[in-house]
file coords_0.txt (compact mmCIF, C-alpha atoms (C1' of nucleotides))
# COMPACT_ATOMS: atom_id res chain seq x y z
CA MET A 2 10.22 -7.61 15.71
CA GLU A 3 9.91 -5.92 19.08
CA ASP A 4 9.03 -7.90 22.15
CA ARG A 5 7.20 -5.29 24.23
CA THR A 6 6.52 -6.94 27.52
CA ASP A 7 6.80 -4.03 29.89
CA PRO A 8 4.14 -4.85 32.47
CA ARG A 9 3.18 -1.21 32.75
CA LEU A 10 2.41 -1.11 29.07
CA VAL A 11 0.23 -4.18 28.95
CA ARG A 12 -1.49 -3.20 32.17
CA SER A 13 -2.61 0.19 31.01
CA ARG A 14 -3.34 -1.16 27.57
CA ASP A 15 -5.64 -3.83 28.93
CA ALA A 16 -7.40 -1.34 31.14
CA MET A 17 -7.96 0.96 28.19
CA VAL A 18 -9.26 -1.76 25.89
CA LEU A 19 -11.60 -2.96 28.59
CA ALA A 20 -12.90 0.56 29.12
CA ALA A 21 -13.27 1.08 25.39
CA THR A 22 -15.35 -2.04 24.85
CA ALA A 23 -17.55 -1.16 27.80
CA LEU A 24 -18.13 2.31 26.40
CA LEU A 25 -18.84 0.81 23.00
CA THR A 26 -21.44 -1.52 24.42
CA GLU A 27 -23.10 1.17 26.48
CA GLY A 28 -23.12 4.11 24.15
CA GLY A 29 -22.15 2.96 20.70
CA LEU A 30 -19.02 3.76 18.77
CA GLU A 31 -19.44 7.48 19.26
CA ALA A 32 -19.01 7.07 22.98
CA VAL A 33 -15.49 5.76 22.44
CA THR A 34 -13.19 8.79 22.64
CA HIS A 35 -9.73 9.29 24.06
CA GLN A 36 -11.09 11.32 26.91
CA ALA A 37 -13.87 8.93 27.86
CA VAL A 38 -11.57 5.93 27.70
CA ALA A 39 -8.98 7.69 29.85
CA ALA A 40 -11.53 8.59 32.48
CA ARG A 41 -13.11 5.14 32.48
CA ALA A 42 -9.80 3.31 32.61
CA GLY A 43 -8.36 5.58 35.27
CA VAL A 44 -5.54 6.54 33.01
CA GLY A 45 -3.99 9.78 31.85
CA ARG A 46 -5.45 11.28 28.73
CA ALA A 47 -2.05 11.50 27.11
CA THR A 48 -1.53 7.78 27.63
CA VAL A 49 -4.49 6.95 25.44
CA TYR A 50 -3.12 9.22 22.72
CA ARG A 51 0.27 7.52 23.02
CA HIS A 52 -1.21 4.08 22.39
CA TRP A 53 -3.66 5.11 19.67
CA PRO A 54 -2.80 8.44 18.10
CA GLY A 55 -5.91 8.48 15.93
CA LEU A 56 -9.54 8.15 16.91
CA LEU A 57 -10.10 5.42 14.36
CA ASP A 58 -7.21 3.38 15.74
CA LEU A 59 -8.73 3.55 19.17
CA ARG A 60 -12.18 2.55 18.00
CA LEU A 61 -10.80 -0.21 15.85
CA ALA A 62 -9.04 -1.63 18.90
CA ALA A 63 -12.32 -1.61 20.79
CA LEU A 64 -14.11 -3.37 17.94
CA GLU A 65 -11.41 -6.00 17.56
CA ALA A 66 -11.48 -6.70 21.26
CA GLY A 67 -15.24 -7.07 21.11
CA MET A 68 -15.08 -9.52 18.24
CA PRO A 69 -13.18 -12.59 19.45
CA PRO A 70 -13.06 -15.59 17.09
CA LEU A 71 -15.78 -18.20 17.37
CA PRO A 72 -14.69 -21.25 19.36
CA PRO A 73 -13.85 -24.24 17.15
CA MET A 74 -16.22 -27.20 17.04
CA PRO A 75 -15.29 -29.62 19.84
CA GLU A 76 -14.25 -32.91 18.29
CA GLU A 77 -16.23 -35.03 20.72
CA LEU A 78 -19.41 -33.15 19.91
CA ARG A 79 -18.82 -33.76 16.27
CA ALA A 80 -18.42 -37.46 16.90
CA ALA A 81 -21.42 -37.50 19.20
CA SER A 82 -23.62 -36.12 16.46
CA GLY A 83 -22.61 -39.05 14.29
CA ASN A 84 -21.02 -36.66 11.80
CA ASP A 85 -24.49 -35.57 10.80
CA PRO A 86 -24.10 -32.33 8.80
CA ARG A 87 -27.46 -31.00 9.87
CA ALA A 88 -26.74 -31.44 13.55
CA GLU A 89 -23.37 -29.75 13.11
CA LEU A 90 -24.94 -26.81 11.29
CA VAL A 91 -27.52 -26.38 14.01
CA HIS A 92 -24.79 -26.44 16.61
CA ARG A 93 -22.53 -23.95 14.88
CA LEU A 94 -25.33 -21.53 14.11
CA GLY A 95 -26.52 -21.98 17.67
CA VAL A 96 -23.14 -20.78 18.87
CA LEU A 97 -23.38 -17.84 16.51
CA ALA A 98 -26.88 -17.03 17.71
CA GLU A 99 -25.71 -17.15 21.31
CA ARG A 100 -22.93 -14.78 20.49
CA TRP A 101 -25.31 -12.40 18.78
CA ASP A 102 -27.64 -12.44 21.74
CA ASP A 103 -24.91 -10.70 23.68
CA GLU A 104 -25.24 -6.94 24.00
CA GLN A 105 -21.63 -6.30 23.11
CA ALA A 106 -21.86 -8.22 19.87
CA GLY A 107 -24.79 -6.13 18.79
CA ALA A 108 -22.91 -2.92 19.37
CA VAL A 109 -19.86 -4.24 17.52
CA LEU A 110 -21.86 -5.49 14.55
CA ALA A 111 -23.83 -2.31 14.17
CA ALA A 112 -20.69 -0.22 14.36
CA ILE A 113 -18.89 -2.33 11.78
CA LEU A 114 -21.85 -2.23 9.43
CA GLY A 115 -22.05 1.50 9.67
CA GLY A 116 -18.36 2.20 9.57
CA SER A 117 -17.19 -0.25 6.96
CA ARG A 118 -18.51 2.00 4.27
CA HIS A 119 -16.10 4.78 5.16
CA ASP A 120 -13.14 3.19 6.85
CA GLU A 121 -10.69 0.67 5.52
CA GLY A 122 -9.97 -0.91 8.88
CA MET A 123 -13.62 -1.55 9.52
CA ARG A 124 -14.02 -2.97 6.06
CA ARG A 125 -11.38 -5.53 6.96
CA LEU A 126 -13.20 -6.33 10.17
CA ARG A 127 -16.41 -6.85 8.26
CA GLU A 128 -14.73 -9.24 5.87
CA SER A 129 -13.07 -11.13 8.66
CA LEU A 130 -16.45 -11.45 10.32
CA LEU A 131 -17.93 -12.82 7.15
CA ASN A 132 -15.12 -15.32 6.77
CA GLN A 133 -15.53 -16.33 10.38
CA ILE A 134 -19.11 -17.31 9.69
CA ALA A 135 -18.42 -19.02 6.38
CA ASP A 136 -15.49 -20.94 7.83
CA ALA A 137 -17.58 -22.12 10.76
CA LEU A 138 -20.12 -23.62 8.36
CA ARG A 139 -17.66 -24.85 5.75
CA PRO A 140 -17.01 -28.44 6.87
CA ALA A 141 -20.66 -29.20 7.47
CA VAL A 142 -21.80 -27.60 4.24
CA THR A 143 -19.20 -29.51 2.25
CA ALA A 144 -20.28 -32.73 3.92
CA ALA A 145 -23.93 -32.00 3.24
CA VAL A 146 -23.20 -31.35 -0.41
CA GLU A 147 -21.29 -34.61 -0.68
CA ARG A 148 -24.21 -36.48 0.78
CA GLY A 149 -26.64 -34.84 -1.55
CA GLN A 150 -28.43 -32.97 1.24
CA LEU A 151 -27.60 -29.70 -0.47
CA ARG A 152 -27.32 -28.76 -4.13
CA SER A 153 -23.79 -29.04 -5.45
CA ASP A 154 -23.64 -25.33 -6.24
CA VAL A 155 -24.29 -24.30 -2.64
CA THR A 156 -21.15 -22.79 -1.15
CA PRO A 157 -20.53 -22.03 2.52
CA GLU A 158 -20.97 -18.36 1.62
CA THR A 159 -24.36 -19.02 0.07
CA PHE A 160 -25.44 -21.10 3.00
CA ALA A 161 -24.24 -18.41 5.39
CA MET A 162 -26.47 -15.97 3.57
CA ALA A 163 -29.40 -18.38 3.76
CA THR A 164 -29.07 -19.04 7.48
CA ALA A 165 -27.04 -16.35 9.21
CA GLY A 166 -28.99 -13.83 7.14
CA PRO A 167 -32.39 -14.63 8.67
CA LEU A 168 -30.85 -14.90 12.12
CA PHE A 169 -29.22 -11.51 11.68
CA PHE A 170 -32.48 -10.04 10.47
CA GLU A 171 -34.45 -11.48 13.34
CA ARG A 172 -31.97 -10.34 15.95
CA PHE A 173 -31.01 -6.88 14.77
CA LEU A 174 -33.90 -5.70 12.64
CA ALA A 175 -36.82 -7.35 14.36
CA GLY A 176 -35.07 -7.04 17.69
CA ASN A 177 -35.93 -10.53 18.89
CA ARG A 178 -33.64 -12.80 20.81
CA LEU A 179 -32.64 -15.99 19.09
CA GLY A 180 -33.93 -19.19 20.62
CA ARG A 181 -32.84 -22.68 19.74
CA ASP A 182 -36.15 -23.20 17.95
CA THR A 183 -35.49 -20.29 15.63
CA VAL A 184 -32.08 -21.66 14.72
CA ASP A 185 -33.64 -25.04 14.12
CA ALA A 186 -36.37 -23.69 11.89
CA VAL A 187 -33.93 -21.60 9.88
CA VAL A 188 -31.53 -24.48 9.27
CA ASP A 189 -34.43 -26.72 8.40
CA ALA A 190 -35.83 -24.31 5.86
CA ALA A 191 -32.42 -23.62 4.35
CA MET A 192 -31.62 -27.28 3.85
CA ARG A 193 -34.99 -27.89 2.28
CA GLY A 194 -34.84 -24.75 0.20
CA TRP A 195 -31.34 -25.23 -1.14
CA SER A 196 -31.44 -28.96 -1.88
CA MET B 16 -53.06 22.08 14.47
CA GLU B 17 -50.76 24.74 13.03
CA ASP B 18 -50.51 25.22 9.33
CA ARG B 19 -46.96 26.42 8.98
CA THR B 20 -46.63 27.32 5.36
CA ASP B 21 -44.26 30.25 5.55
CA PRO B 22 -42.20 29.79 2.40
CA ARG B 23 -39.02 30.84 4.20
CA LEU B 24 -39.52 28.12 6.75
CA VAL B 25 -40.04 25.30 4.30
CA ARG B 26 -37.28 26.60 2.06
CA SER B 27 -34.59 26.54 4.71
CA ARG B 28 -35.97 23.37 6.16
CA ASP B 29 -35.78 21.57 2.85
CA ALA B 30 -32.26 22.82 2.27
CA MET B 31 -31.18 21.58 5.67
CA VAL B 32 -32.79 18.17 5.31
CA LEU B 33 -31.18 17.78 1.92
CA ALA B 34 -27.80 18.71 3.32
CA ALA B 35 -28.29 16.38 6.27
CA THR B 36 -29.09 13.34 4.13
CA ALA B 37 -26.13 14.08 1.90
CA LEU B 38 -23.83 14.28 4.89
CA LEU B 39 -25.35 11.08 6.25
CA THR B 40 -24.70 9.27 3.01
CA GLU B 41 -21.16 10.55 2.70
CA GLY B 42 -19.87 10.32 6.20
CA GLY B 43 -22.31 8.34 8.30
CA LEU B 44 -24.50 9.56 11.10
CA GLU B 45 -21.59 11.14 12.93
CA ALA B 46 -21.07 13.56 10.09
CA VAL B 47 -24.52 15.01 10.69
CA THR B 48 -24.01 17.93 13.09
CA HIS B 49 -25.65 21.32 13.36
CA GLN B 50 -22.52 23.00 12.15
CA ALA B 51 -21.94 20.75 9.17
CA VAL B 52 -25.56 20.95 8.08
CA ALA B 53 -25.53 24.73 8.35
CA ALA B 54 -22.40 25.04 6.25
CA ARG B 55 -23.63 22.54 3.68
CA ALA B 56 -27.07 24.08 3.39
CA GLY B 57 -25.76 27.63 3.25
CA VAL B 58 -27.74 28.50 6.33
CA GLY B 59 -26.99 30.16 9.63
CA ARG B 60 -25.91 27.86 12.41
CA ALA B 61 -28.59 29.25 14.71
CA THR B 62 -31.26 28.35 12.16
CA VAL B 63 -30.42 24.68 12.41
CA TYR B 64 -30.65 24.87 16.17
CA ARG B 65 -34.01 26.60 15.88
CA HIS B 66 -35.47 23.78 13.81
CA TRP B 67 -33.90 20.90 15.72
CA PRO B 68 -32.74 21.92 19.18
CA GLY B 69 -31.18 18.54 19.91
CA LEU B 70 -28.63 16.59 17.92
CA LEU B 71 -30.80 13.49 17.95
CA ASP B 72 -33.74 15.40 16.51
CA LEU B 73 -31.59 16.58 13.67
CA ARG B 74 -30.22 13.15 12.92
CA LEU B 75 -33.64 11.60 13.18
CA ALA B 76 -34.90 14.05 10.58
CA ALA B 77 -32.08 13.03 8.26
CA LEU B 78 -32.86 9.36 8.74
CA GLU B 79 -36.58 9.83 8.19
CA ALA B 80 -35.93 11.77 5.01
CA GLY B 81 -33.62 9.02 3.81
CA MET B 82 -36.23 6.35 4.43
CA PRO B 83 -39.23 7.10 2.21
CA PRO B 84 -42.00 4.47 2.12
CA LEU B 85 -41.80 1.74 -0.47
CA PRO B 86 -44.02 2.41 -3.49
CA PRO B 87 -47.22 0.36 -3.49
CA MET B 88 -47.59 -2.48 -5.92
CA PRO B 89 -49.04 -1.17 -9.19
CA GLU B 90 -52.38 -2.82 -9.80
CA GLU B 91 -51.71 -3.49 -13.46
CA LEU B 92 -48.51 -5.33 -12.62
CA ARG B 93 -50.40 -7.45 -10.17
CA ALA B 94 -52.93 -8.35 -12.83
CA ALA B 95 -50.21 -8.95 -15.39
CA SER B 96 -48.59 -11.54 -13.16
CA GLY B 97 -51.86 -13.41 -13.07
CA ASN B 98 -52.12 -12.88 -9.32
CA ASP B 99 -49.28 -15.36 -8.91
CA PRO B 100 -47.98 -14.96 -5.35
CA ARG B 101 -44.48 -16.01 -6.26
CA ALA B 102 -44.18 -13.42 -9.02
CA GLU B 103 -45.50 -10.76 -6.70
CA LEU B 104 -43.00 -11.70 -4.00
CA VAL B 105 -40.14 -11.55 -6.46
CA HIS B 106 -41.30 -8.15 -7.60
CA ARG B 107 -41.70 -6.68 -4.13
CA LEU B 108 -38.39 -8.01 -2.89
CA GLY B 109 -36.83 -6.78 -6.11
CA VAL B 110 -38.00 -3.29 -5.30
CA LEU B 111 -36.57 -3.68 -1.82
CA ALA B 112 -33.27 -4.92 -3.22
CA GLU B 113 -33.11 -1.98 -5.57
CA ARG B 114 -33.69 0.35 -2.70
CA TRP B 115 -30.96 -1.29 -0.68
CA ASP B 116 -28.52 -1.04 -3.54
CA ASP B 117 -28.67 2.69 -3.11
CA GLU B 118 -25.85 4.22 -1.11
CA GLN B 119 -28.13 6.35 0.99
CA ALA B 120 -30.22 3.41 2.10
CA GLY B 121 -27.13 1.65 3.34
CA ALA B 122 -26.11 4.60 5.43
CA VAL B 123 -29.61 4.92 6.85
CA LEU B 124 -29.93 1.25 7.68
CA ALA B 125 -26.57 1.02 9.34
CA ALA B 126 -27.27 4.10 11.40
CA ILE B 127 -30.66 2.83 12.50
CA LEU B 128 -29.25 -0.54 13.45
CA GLY B 129 -26.55 1.07 15.50
CA GLY B 130 -28.65 3.76 17.08
CA SER B 131 -31.85 1.89 17.81
CA ARG B 132 -30.23 0.30 20.81
CA HIS B 133 -29.76 3.61 22.58
CA ASP B 134 -32.37 5.93 21.22
CA GLU B 135 -36.13 5.69 21.35
CA GLY B 136 -36.69 7.57 18.10
CA MET B 137 -34.43 5.28 16.17
CA ARG B 138 -36.10 2.27 17.70
CA ARG B 139 -39.36 3.52 16.25
CA LEU B 140 -37.71 3.97 12.88
CA ARG B 141 -36.41 0.43 13.02
CA GLU B 142 -39.85 -0.92 13.78
CA SER B 143 -41.46 1.11 11.05
CA LEU B 144 -38.86 -0.22 8.65
CA LEU B 145 -39.67 -3.75 9.70
CA ASN B 146 -43.39 -3.15 9.25
CA GLN B 147 -42.74 -1.62 5.87
CA ILE B 148 -41.14 -4.85 4.73
CA ALA B 149 -43.70 -7.14 6.30
CA ASP B 150 -46.57 -5.10 4.90
CA ALA B 151 -45.08 -5.19 1.43
CA LEU B 152 -45.05 -8.97 1.53
CA ARG B 153 -48.31 -9.45 3.39
CA PRO B 154 -50.81 -9.85 0.54
CA ALA B 155 -48.64 -12.22 -1.44
CA VAL B 156 -47.72 -14.30 1.59
CA THR B 157 -51.36 -14.60 2.60
CA ALA B 158 -52.29 -15.64 -0.90
CA ALA B 159 -49.50 -18.18 -1.03
CA VAL B 160 -50.62 -19.68 2.26
CA GLU B 161 -54.17 -19.93 0.99
CA ARG B 162 -53.01 -21.76 -2.10
CA GLY B 163 -50.90 -24.14 -0.06
CA GLN B 164 -47.64 -22.80 -1.47
CA LEU B 165 -46.52 -21.94 2.04
CA ARG B 166 -47.14 -23.62 5.38
CA SER B 167 -50.13 -22.22 7.20
CA ASP B 168 -47.99 -21.04 10.12
CA VAL B 169 -45.83 -18.82 7.93
CA THR B 170 -46.53 -15.17 8.70
CA PRO B 171 -45.39 -12.18 6.66
CA GLU B 172 -42.89 -11.51 9.45
CA THR B 173 -41.46 -14.98 9.19
CA PHE B 174 -41.25 -14.76 5.44
CA ALA B 175 -39.59 -11.39 5.72
CA MET B 176 -36.94 -12.95 7.91
CA ALA B 177 -36.51 -15.79 5.44
CA THR B 178 -36.08 -13.54 2.41
CA ALA B 179 -35.16 -10.01 3.40
CA GLY B 180 -32.74 -11.54 5.90
CA PRO B 181 -30.51 -13.17 3.30
CA LEU B 182 -30.74 -10.12 1.06
CA PHE B 183 -29.73 -7.90 3.93
CA PHE B 184 -26.86 -10.19 4.80
CA GLU B 185 -25.63 -10.33 1.23
CA ARG B 186 -25.83 -6.61 0.77
CA PHE B 187 -24.51 -5.24 4.03
CA LEU B 188 -22.36 -7.98 5.49
CA ALA B 189 -20.95 -9.55 2.37
CA GLY B 190 -20.98 -6.20 0.64
CA ASN B 191 -22.37 -7.48 -2.65
CA ARG B 192 -24.91 -5.72 -4.78
CA LEU B 193 -28.21 -7.47 -5.23
CA GLY B 194 -29.03 -8.73 -8.69
CA ARG B 195 -32.36 -10.00 -9.89
CA ASP B 196 -30.94 -13.53 -9.87
CA THR B 197 -30.14 -13.31 -6.18
CA VAL B 198 -33.66 -12.18 -5.38
CA ASP B 199 -35.01 -14.99 -7.48
CA ALA B 200 -32.88 -17.65 -5.82
CA VAL B 201 -33.76 -16.38 -2.35
CA VAL B 202 -37.50 -16.35 -2.99
CA ASP B 203 -37.27 -19.76 -4.58
CA ALA B 204 -35.42 -21.25 -1.63
CA ALA B 205 -37.73 -19.61 0.88
CA MET B 206 -40.88 -20.91 -0.80
CA ARG B 207 -39.42 -24.39 -0.99
CA GLY B 208 -38.02 -24.24 2.53
CA TRP B 209 -41.15 -22.97 4.22
CA SER B 210 -43.78 -25.04 2.43
C1' DC C 8 -48.63 49.84 3.43
C1' DC C 9 -47.46 47.94 8.20
C1' DC C 10 -46.67 44.32 11.32
C1' DC C 11 -44.85 40.03 12.23
C1' DT C 12 -41.85 36.09 11.74
C1' DC C 13 -37.85 33.91 10.17
C1' DT C 14 -33.24 34.46 9.01
C1' DG C 15 -28.01 35.50 8.95
C1' DA C 16 -24.24 37.03 11.44
C1' DG C 17 -21.76 37.38 15.22
C1' DA C 18 -20.43 37.48 20.35
C1' DC C 19 -19.95 34.67 24.40
C1' DG C 20 -18.59 31.27 27.77
C1' DG C 21 -17.88 26.55 28.28
C1' DA C 22 -16.26 22.05 26.90
C1' DA C 23 -13.55 18.98 24.11
C1' DT C 24 -9.49 18.10 21.24
C1' DG C 25 -4.72 17.42 20.12
C1' DT C 26 0.10 18.41 21.41
C1' DC C 27 3.68 19.26 24.37
C1' DC C 28 6.62 19.11 28.64
C1' DC C 29 8.26 17.36 33.01
C1' DA C 30 8.49 15.22 37.47
C1' DT C 31 7.74 10.61 39.12
C1' DA C 32 7.28 5.85 39.71
C1' DG C 33 7.85 1.28 37.91
C1' DT C 34 11.08 -1.76 35.39
C1' DA C 35 15.22 -4.11 33.67
C1' DA C 36 19.99 -4.71 33.86
C1' DG C 37 24.51 -4.20 36.09
C1' DC D 8 21.67 -2.11 45.79
C1' DT D 9 22.55 1.07 42.22
C1' DT D 10 21.83 2.89 37.76
C1' DA D 11 19.85 3.88 33.39
C1' DC D 12 15.65 3.67 31.09
C1' DT D 13 10.76 4.01 29.90
C1' DA D 14 5.88 4.55 30.49
C1' DT D 15 2.90 7.17 33.06
C1' DG D 16 0.08 11.07 35.17
C1' DG D 17 -0.79 15.65 35.39
C1' DG D 18 -0.99 19.93 33.68
C1' DA D 19 -0.28 23.91 30.35
C1' DC D 20 -1.55 25.53 25.97
C1' DA D 21 -3.78 26.85 21.55
C1' DT D 22 -7.43 25.51 18.79
C1' DT D 23 -11.80 24.00 17.55
C1' DC D 24 -16.50 22.83 18.55
C1' DC D 25 -20.85 23.45 21.03
C1' DG D 26 -25.02 25.67 22.67
C1' DT D 27 -27.15 30.04 23.69
C1' DC D 28 -28.11 34.68 23.08
C1' DT D 29 -28.76 39.18 20.79
C1' DC D 30 -29.86 42.19 17.00
C1' DA D 31 -30.49 44.23 12.63
C1' DG D 32 -32.59 43.24 8.28
C1' DA D 33 -35.06 40.69 4.78
C1' DG D 34 -39.23 38.21 3.39
C1' DG D 35 -44.42 37.42 3.75
C1' DG D 36 -49.21 38.02 5.12
C1' DG D 37 -52.89 41.03 6.10
call {"tool": "encode", "arguments": {"input": "coords_0.txt", "output": "structure tokens"}}
result
Amino acid sequence: MEDRTDPRLVRSRDAMVLAATALLTEGGLEAVTHQAVAARAGVGRATVYRHWPGLLDLRLAALEAGMPPLPPMPEELRAASGNDPRAELVHRLGVLAERWDDEQAGAVLAAILGGSRHDEGMRRLRESLLNQIADALRPAVTAAVERGQLRSDVTPETFAMATAGPLFFERFLAGNRLGRDTVDAVVDAAMRGWS
Amino acid sequence: MEDRTDPRLVRSRDAMVLAATALLTEGGLEAVTHQAVAARAGVGRATVYRHWPGLLDLRLAALEAGMPPLPPMPEELRAASGNDPRAELVHRLGVLAERWDDEQAGAVLAAILGGSRHDEGMRRLRESLLNQIADALRPAVTAAVERGQLRSDVTPETFAMATAGPLFFERFLAGNRLGRDTVDAVVDAAMRGWS
DNA sequence: CCCCTCTGAGACGGAATGTCCCATAGTAAG
DNA sequence: CTTACTATGGGACATTCCGTCTCAGAGGGG
């Protein structure tokens, strides 16, 4: 259990990760190479190799950095919505939609989708992403099921498919930005369709 | 309007496109390079450059070849279903799901999603893909609207989002294969949710 | 049969990749 | 402040890849 806190190490590391995510956003995963990261971060080429010996390691680091966890639901907001499952679902999917509207998220998602079929690390990222979404919806979905607003066989995973699916489609296949009205319509249709 | 029918030309071209799609399926878009295609197709490296001077041209050709149009709805099937919009929607989305279950389609889709943000050609491919889906659903959606089975403001594009979206999510984010039951449940929920 | 086009093979200069070494500067401990 | 240590930057190096060019020969059309 090493405690690597050498400031030089974290400094250069941060600079490299920052450069890598920027390159990823601008030019896709292919643009993330040891050389490009070194140049962008103002760092020696050998340093990048020292931190991430393999190209996949480097790219994985960029993807992880570009995929921070979703913020948890603020407790006061939950109370303010009167513990209404529908309102909570709209809020959580709204946060997700906001995240997906970001350029960086698009680059990360596309890269993970493409890479997860060939690389184990990216497969893990994809699964963690999926769990992130399902977990964000879990409490509200469970509550909605208990109140009879959703069929009892509807799991958070199913509901994620029914809501995040259309949002994903609209954002990344149709290329449209996600407005609050879209989120609202999707949640509405899903609750009606799966009850 | 040239009529290039030199057998040598089409022969080598076909071999290269075949090799390119295979490489795309196996290793993603990055695996498609002039060198790799030449080796795989048993063709001189210069020949690949002659046909597609740029790397993007080459990759675009591979993507186009891996994205054939959806087959039209057979007229007898349409009659057999008694012109029932719901049955037609299930059928068309079933065809789409089958297509997406194929390995090659996954590679193509992921590549298009990732590349369409930086390349004009891929953006066109993405749009054509979207239109393909919307067009496949158009007649049935229109019929369903006319019969009051869907709200009058539901367009084929909206319905595509509501159905192809979840299927896409389930297939490429959750990583599950698409069974007939999934298609059925999704169409069912969408028709209930958007009516 | 001849002419033309496409092809395969290879040479080439340039760029990128991966590995190594070493002098130096920043860091932690005495 | 001094000392031992460690990460860094820069460069050398061999190797591979990339894009372009040339040229002889095979395949096709008239």
call {"tool": "closest_residue", "arguments": {"input": "coords_0.txt", "among": "B:Leu128, B:Val25, B:Ala158, B:Leu85", "to": "chain A", "atoms": "only C-alpha atoms"}}
result
B:Leu128
call {"tool": "interface_residues", "arguments": {"input": "coords_0.txt", "of": "chain B", "to": "chain C", "cutoff": "12 Å", "atoms": "all atoms listed in the file", "output": "ChimeraX atom specification"}}
result
/B:19-28,53,57-63,65-66
call {"tool": "interface_residues", "arguments": {"input": "coords_0.txt", "of": "chain A", "to": "chain B", "cutoff": "8 Å", "atoms": "only C-alpha atoms", "output": "PyMOL selection string"}}
result
chain A and resi 28-29+31+108+111-112+114-116+119+127-128+131+162-171+173-175+187+189-195
call {"tool": "atom_distance", "arguments": {"input": "coords_0.txt", "atom1": "CA of Trp101 (chain A)", "atom2": "CA of Pro72 (chain A)"}}
result
13.8 Å
call {"tool": "residues_around", "arguments": {"input": "coords_0.txt", "residues": "Leu75 (chain B)", "least_positions_apart": "5", "cutoff": "9 Å", "atoms": "all atoms listed in the file", "output": "list of chain:residue names"}}
result
B:Leu70, B:Ala80, B:Gly136, B:Met137, B:Leu140
call {"tool": "residues_around", "arguments": {"input": "coords_0.txt", "residues": "region 94-98 of chain A", "least_positions_apart": "2", "cutoff": "7 Å", "atoms": "only C-alpha atoms (C1' of nucleotides)", "output": "ChimeraX atom specification"}}
result
/A:90-92,100-102,179,181,184
call {"tool": "atom_distance", "arguments": {"input": "coords_0.txt", "atom1": "CA of Ala145 (chain A)", "atom2": "CA of Gln133 (chain A)"}}
result
19.2 Å
call {"tool": "interface_residues", "arguments": {"input": "coords_0.txt", "of": "chain D", "to": "chain B", "cutoff": "12 Å", "atoms": "all atoms listed in the file", "output": "PyMOL selection string"}}
result
chain D and resi 24-29+33-36
call {"tool": "atom_distance", "arguments": {"input": "coords_0.txt", "atom1": "CA of Ala155 (chain B)", "atom2": "CA of Asp182 (chain A)"}}
result
25.5 Å
call {"tool": "residues_around", "arguments": {"input": "coords_0.txt", "residues": "Arg93 (chain B)", "least_positions_apart": "2", "cutoff": "12 Å", "atoms": "all atoms listed in the file", "output": "ChimeraX atom specification"}}
result
/B:87-91,95-107,154-155
call {"tool": "residues_around", "arguments": {"input": "coords_0.txt", "residues": "Leu19 (chain A)", "least_positions_apart": "3", "cutoff": "8 Å", "atoms": "all atoms listed in the file", "output": "ChimeraX atom specification"}}
result
/A:15-16,22-23,42,63
call {"tool": "build_atoms", "arguments": {"input": "coords_0.txt", "residues": "region 183-193 of chain A", "atoms": "N, CA and C atoms", "output": "PDB file, in the frame of the given file"}}
result
ATOM      1  N   THR A 183     -35.676 -21.114  16.815  1.00  0.00           N
ATOM      2  CA  THR A 183     -35.490 -20.290  15.630  1.00  0.00           C
ATOM      3  C   THR A 183     -34.343 -20.830  14.777  1.00  0.00           C
ATOM      4  N   VAL A 184     -33.228 -21.108  15.435  1.00  0.00           N
ATOM      5  CA  VAL A 184     -32.080 -21.660  14.720  1.00  0.00           C
ATOM      6  C   VAL A 184     -32.486 -22.938  13.994  1.00  0.00           C
ATOM      7  N   ASP A 185     -33.202 -23.776  14.700  1.00  0.00           N
ATOM      8  CA  ASP A 185     -33.640 -25.040  14.120  1.00  0.00           C
ATOM      9  C   ASP A 185     -34.499 -24.819  12.890  1.00  0.00           C
ATOM     10  N   ALA A 186     -35.462 -23.926  13.015  1.00  0.00           N
ATOM     11  CA  ALA A 186     -36.370 -23.690  11.890  1.00  0.00           C
ATOM     12  C   ALA A 186     -35.616 -23.130  10.686  1.00  0.00           C
ATOM     13  N   VAL A 187     -34.675 -22.231  10.965  1.00  0.00           N
ATOM     14  CA  VAL A 187     -33.930 -21.600   9.880  1.00  0.00           C
ATOM     15  C   VAL A 187     -33.064 -22.638   9.147  1.00  0.00           C
ATOM     16  N   VAL A 188     -32.371 -23.456   9.902  1.00  0.00           N
ATOM     17  CA  VAL A 188     -31.530 -24.480   9.270  1.00  0.00           C
ATOM     18  C   VAL A 188     -32.397 -25.438   8.470  1.00  0.00           C
ATOM     19  N   ASP A 189     -33.505 -25.812   9.061  1.00  0.00           N
ATOM     20  CA  ASP A 189     -34.430 -26.720   8.400  1.00  0.00           C
ATOM     21  C   ASP A 189     -34.878 -26.163   7.055  1.00  0.00           C
ATOM     22  N   ALA A 190     -35.335 -24.925   7.085  1.00  0.00           N
ATOM     23  CA  ALA A 190     -35.830 -24.310   5.860  1.00  0.00           C
ATOM     24  C   ALA A 190     -34.713 -24.164   4.830  1.00  0.00           C
ATOM     25  N   ALA A 191     -33.526 -23.814   5.291  1.00  0.00           N
ATOM     26  CA  ALA A 191     -32.420 -23.620   4.350  1.00  0.00           C
ATOM     27  C   ALA A 191     -32.034 -24.928   3.673  1.00  0.00           C
ATOM     28  N   MET A 192     -32.021 -26.003   4.458  1.00  0.00           N
ATOM     29  CA  MET A 192     -31.620 -27.280   3.850  1.00  0.00           C
ATOM     30  C   MET A 192     -32.689 -27.757   2.886  1.00  0.00           C
ATOM     31  N   ARG A 193     -33.933 -27.498   3.208  1.00  0.00           N
ATOM     32  CA  ARG A 193     -34.990 -27.890   2.280  1.00  0.00           C
ATOM     33  C   ARG A 193     -34.994 -26.982   1.059  1.00  0.00           C
TER      34      ARG A 193
END
